[in-house]
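One structure below.
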Amino acid sequence: MGIEVSLIFGLLGLIIGSFLNVVIYRLPKGESIVFPGSHCTTCGHHLRPWELIPILSFLFLRGRCSMCKTKISWRYPLLELLNGVLYFYATWLNDTGSILQLVINLYFLSTLLVLAGIDWDTYRLPDMFTLPLLVIGIVTGFVLPHGPLGWESLGTALGVGGVFWLIAWYYPEGMGLGDVKLIAGLGAFLGVPEIFIALFIASFVGSIVGLIMISFQMKTFRDQIPFGPYLVLGAWIAFFWGEKLIAVYTTIVS
Ligand SMILES: [Zn+2]
């Protein structure tokens with residue numbers, strides 16, 4: 001789609017990103033995501049409308065609460081920016097002409113962002129996000145003409161979901177059922193061979209980061225290391241550049 005439309009969706013992505021921060025922060029604690037409104041978690045100061053403007057308010061406040069001056073984590077503006085960039089790029093690349101397909105793609109990208117954030121904080125991938133991802137991935141496969149076709153979507157979800165379910169069965173310390181459900185959902189959305197690109201990148205980057213953290217003694221081999229954020233990274237890369245990576249790979253191999 002055109003640059004203007006992409007920019008509008010990018011701005012929308014920033015605003016939605018600000019809401020996703022609230023979801024990631026409050027949902028695992030069982031708090032309402034609507035009430036109370038956004039506030040400083042240290043002093044309870046309720047954010048004024050201008051303090052809710054994504055990124056700009058963070059820069060203007062120099063990363064501190066306007067009342068108690070407690071530092072605000074860099075993660076909030078970073079996540080807003082990331083969601084905005086994802087929306088911009090997904091809209092820019094959307095050559096299907098279908099707004100519904102675009103909305104489904106944006107839902108896919110944002111749900112992954114929320115899952116990565118929650119898994120990072122809590123080592124959990126809640127069913128309330130992974131299961132709808134799986135169902136919507138399969139249903140859109142049958143209903144919408146773009147992306148993997150219905151049977152491919154269903155088959156990929158069952159195939160990779162089944163294999164990783166077996167891994168989780170025999171090796172529960174290494175992989176949780178949340179990971180399995182997420183992988184099945186990614187399979188439904190990405191199809192073959194994109195899902196394999198996502199899994200390869202996730203395992204590769206996850207192992208490297210894990211080894212770095214262990215060698216710097218930030219983690220030990222016994223520590224839990226969340227796999228979700230790496231799956232999400234792999235899925236984004238496969239979603240945006242899967243076809244190009246396959247083309248590069250086949251020219252190298254042949
Ligand atoms: Zn404060």
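Letters A, B, ... mark the chains of the structure tokens in the order given; residue numbers begin at 1 per chain; ligand numbers begin at 1, in order shown.
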Quick one: everything within 7 Å of Ala238 in chain A, counting only C-alpha atoms, minus sequence neighbours fewer than 6 positions away in the same chain. Send it as a PyMOL selection string.
-> chain A and resi 194+197-198
Could you write out, as a ChimeraX atom specification, all the residues of range 11-247 of chain A that DSSP marks as strand (DSSP E or B)?
-> /A:39,46,64,71
How about saving the chosen residues, N, CA, C and O atoms kept, as a compact mmCIF listing (two decimals), in the first residue's frame?
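This went into again_11.txt:
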```txt
# COMPACT_ATOMS: atom_id res chain seq x y z
N HIS A 39 -1.00 4.98 35.08
CA HIS A 39 -0.46 5.75 36.20
C HIS A 39 0.97 5.29 36.48
O HIS A 39 1.39 4.21 36.07
N HIS A 46 -1.54 9.88 38.15
CA HIS A 46 -2.28 9.56 36.93
C HIS A 46 -1.74 10.36 35.75
O HIS A 46 -1.61 11.58 35.85
N ARG A 64 11.42 10.07 32.99
CA ARG A 64 11.09 10.04 34.42
C ARG A 64 9.65 10.44 34.66
O ARG A 64 9.08 11.23 33.89
N LYS A 71 12.51 6.67 37.47
CA LYS A 71 12.85 6.35 36.08
C LYS A 71 11.79 5.44 35.45
O LYS A 71 11.35 4.49 36.07
```
Contacts with ligand 1 at most 10 Å, only C-alpha atoms and all ligand atoms counted, listed as a PyMOL selection string | chain A and resi 39-47+64-72
Restricting the calculation to only C-alpha atoms, which member of A:Gly159, A:Val114, A:Ile214, A:Val34 is positioned closest to Pro126 in chain A?
->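 Residue with the minimum atom-to-atom distance to Pro126 in chain A: A:Val114.
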Skipping near chain neighbours, those fewer than 6 positions away, what residues fall within 8 Å of Pro148 in chain A using only C-alpha atoms, listed as JSON, numbers by chain?
-> {"A": [141, 188, 189, 190, 191, 192]}
Contacts between range 239-251 of chain A and range 84-164 of chain A, please, where a residue of range 84-164 of chain A counts if it comes within 12 Å (with only C-alpha atoms); show its shortest atom pair and distance in Å to one decimal, rows by chain and ascending number, as JSON lines.
```
{"residue": "A:Leu86", "atom": "CA", "partner": "A:Phe240", "partner_atom": "CA", "distance": 9.6}
{"residue": "A:Tyr87", "atom": "CA", "partner": "A:Phe240", "partner_atom": "CA", "distance": 11.6}
{"residue": "A:Tyr89", "atom": "CA", "partner": "A:Phe240", "partner_atom": "CA", "distance": 8.6}
{"residue": "A:Ala90", "atom": "CA", "partner": "A:Phe240", "partner_atom": "CA", "distance": 7.7}
{"residue": "A:Thr91", "atom": "CA", "partner": "A:Phe240", "partner_atom": "CA", "distance": 11.2}
{"residue": "A:Trp92", "atom": "CA", "partner": "A:Phe240", "partner_atom": "CA", "distance": 10.9}
{"residue": "A:Leu93", "atom": "CA", "partner": "A:Phe240", "partner_atom": "CA", "distance": 8.3}
{"residue": "A:Asn94", "atom": "CA", "partner": "A:Phe240", "partner_atom": "CA", "distance": 10.3}
{"residue": "A:Asn105", "atom": "CA", "partner": "A:Phe239", "partner_atom": "CA", "distance": 9.4}
{"residue": "A:Leu106", "atom": "CA", "partner": "A:Phe239", "partner_atom": "CA", "distance": 11.4}
{"residue": "A:Phe108", "atom": "CA", "partner": "A:Phe239", "partner_atom": "CA", "distance": 9.9}
{"residue": "A:Leu109", "atom": "CA", "partner": "A:Phe239", "partner_atom": "CA", "distance": 9.1}
{"residue": "A:Leu112", "atom": "CA", "partner": "A:Phe239", "partner_atom": "CA", "distance": 11.7}
{"residue": "A:Gly147", "atom": "CA", "partner": "A:Phe239", "partner_atom": "CA", "distance": 9.7}
{"residue": "A:Pro148", "atom": "CA", "partner": "A:Phe239", "partner_atom": "CA", "distance": 11.3}
```
Those residues with C-alpha atoms, as a PDB file, in the first residue's frame please?
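Below you can see again33.pdb, which holds the result:
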```
ATOM      1  CA  LEU A  86       5.844  -3.405  12.433  1.00  0.00           C
ATOM      2  CA  TYR A  87       2.526  -1.794  11.436  1.00  0.00           C
ATOM      3  CA  TYR A  89       6.206  -2.164   7.336  1.00  0.00           C
ATOM      4  CA  ALA A  90       3.346  -4.690   7.216  1.00  0.00           C
ATOM      5  CA  THR A  91       1.089  -2.070   5.589  1.00  0.00           C
ATOM      6  CA  TRP A  92       3.808  -1.046   3.142  1.00  0.00           C
ATOM      7  CA  LEU A  93       4.329  -4.680   2.083  1.00  0.00           C
ATOM      8  CA  ASN A  94       0.622  -5.499   1.910  1.00  0.00           C
ATOM      9  CA  ASN A 105      -1.543  -9.533   9.814  1.00  0.00           C
ATOM     10  CA  LEU A 106      -1.384  -6.659  12.324  1.00  0.00           C
ATOM     11  CA  PHE A 108      -0.648 -11.543  14.289  1.00  0.00           C
ATOM     12  CA  LEU A 109       2.317  -9.180  14.756  1.00  0.00           C
ATOM     13  CA  LEU A 112       3.379 -12.003  19.141  1.00  0.00           C
ATOM     14  CA  GLY A 147      -0.914 -16.484   2.962  1.00  0.00           C
ATOM     15  CA  PRO A 148      -0.882 -20.260   3.417  1.00  0.00           C
TER      16      PRO A 148
END
```
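Of the residues listed (A:Val253, A:Ile16, A:Ile212, A:Leu231), A:Ile16 shows the shortest atom-to-atom separation from Val85 in chain A; distances use only C-alpha atoms.
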Which of range 132-218 of chain A DSSP labels alpha helix (DSSP H), written as number ranges by chain | A: 132-143, 150-170, 177-190, 194-215
Polymer residues at most 9 Å from range 204-207 of chain A, only C-alpha atoms, same-chain spacing of 3 or more positions, as a list in words | Leu199, Phe200, Ile201, Gly210, Leu211, Ile212, Ile225, Pro226, Phe227, Pro229, Tyr230, Leu231, Leu233 and Gly234 of chain A
Which polymer residues have any atom within 9 Å of an atom of Gly117 in chain A, counting only C-alpha atoms, with same-chain residues fewer than 4 positions away left out, as a list in words?
->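 Selected residues are Asn21, Ile24, Tyr25, Leu112, Leu113, Asp121, Thr122, Gly228 and Pro229 of chain A.
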Store the residues of this selection in a file with N, CA, C and O atoms, as a tab-separated table (two decimals), in the first residue's frame.
```tsv
chain	number	residue	atom	x	y	z
A	21	ASN	N	1.71	-2.27	26.04
A	21	ASN	CA	2.54	-2.17	27.25
A	21	ASN	C	1.71	-2.43	28.51
A	21	ASN	O	2.14	-3.14	29.41
A	24	ILE	N	0.82	-6.15	28.72
A	24	ILE	CA	1.95	-6.98	29.14
A	24	ILE	C	2.24	-6.80	30.62
A	24	ILE	O	2.54	-7.75	31.34
A	25	TYR	N	2.09	-5.59	31.11
A	25	TYR	CA	2.42	-5.29	32.50
A	25	TYR	C	1.34	-5.80	33.46
A	25	TYR	O	1.64	-6.37	34.50
A	112	LEU	N	2.04	-11.46	18.90
A	112	LEU	CA	3.38	-12.00	19.14
A	112	LEU	C	4.18	-11.08	20.06
A	112	LEU	O	4.91	-11.53	20.93
A	113	LEU	N	4.02	-9.77	19.85
A	113	LEU	CA	4.74	-8.81	20.69
A	113	LEU	C	4.31	-8.96	22.16
A	113	LEU	O	5.15	-8.99	23.07
A	121	ASP	N	8.90	-11.66	30.94
A	121	ASP	CA	8.73	-11.28	32.34
A	121	ASP	C	8.40	-12.47	33.24
A	121	ASP	O	8.85	-12.53	34.38
A	122	THR	N	7.55	-13.38	32.75
A	122	THR	CA	6.94	-14.37	33.65
A	122	THR	C	7.22	-15.81	33.26
A	122	THR	O	6.77	-16.71	33.96
A	228	GLY	N	9.88	-18.12	24.09
A	228	GLY	CA	8.89	-17.33	23.36
A	228	GLY	C	9.45	-16.13	22.61
A	228	GLY	O	9.16	-15.97	21.42
A	229	PRO	N	10.26	-15.28	23.26
A	229	PRO	CA	10.77	-14.10	22.54
A	229	PRO	C	11.56	-14.46	21.28
A	229	PRO	O	11.50	-13.74	20.28
```
Using only C-alpha atoms, pick whichever of A:Gly10, A:Met1, A:Leu134, A:Trp50 has the shortest atom-to-atom distance to Leu81 in chain A.
->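 Comparing A:Gly10, A:Met1, A:Leu134, A:Trp50 against Leu81 in chain A, the winner is A:Gly10.
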Which is closest to Gly176 in chain A among A:Tyr107, A:Phe216, A:Phe164, A:Trp236, if we use only C-alpha atoms?
-> A:Phe164
Leu82 in chain A environment, 8 Å, only C-alpha atoms, sequence neighbours closer than 4 positions dropped, as a list in words = Leu14, Gly17, Leu78 and Leu86 of chain A
For Thr96 in chain A, which residue out of A:Pro132, A:Gly137, A:Gly161, A:Pro145 is the nearest one, using only C-alpha atoms?
->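 Of A:Pro132, A:Gly137, A:Gly161, A:Pro145, the one nearest Thr96 in chain A is A:Pro145, counting only C-alpha atoms.
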For the atom pair CA of Ile15 in chain A and CA of Asp119 in chain A, what is the interatomic distance in Å to one decimal place?
->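 Between these atoms lies a distance of 22.2 Å.
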Identify which of the residues A:Leu166, A:Val180, A:Val22, A:Val143 lies closest to Thr130 in chain A, counting only C-alpha atoms when measuring atom-to-atom distances.
->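 Closest candidate: A:Val180.
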Determine, counting only C-alpha atoms, which protein, DNA and RNA residues have an atom within 7 Å of an atom of Glu80 in chain A; residues of the same chain fewer than 3 positions away are not included. Present the result as a count of residues only.
-> 8
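Going from CA of Phe196 in chain A to CA of Ile237 in chain A covers 11.4 Å.
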CA of Gly187 in chain A to CA of Gly162 in chain A, straight-line distance in Å |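 Between these atoms lies a distance of 11.0 Å.
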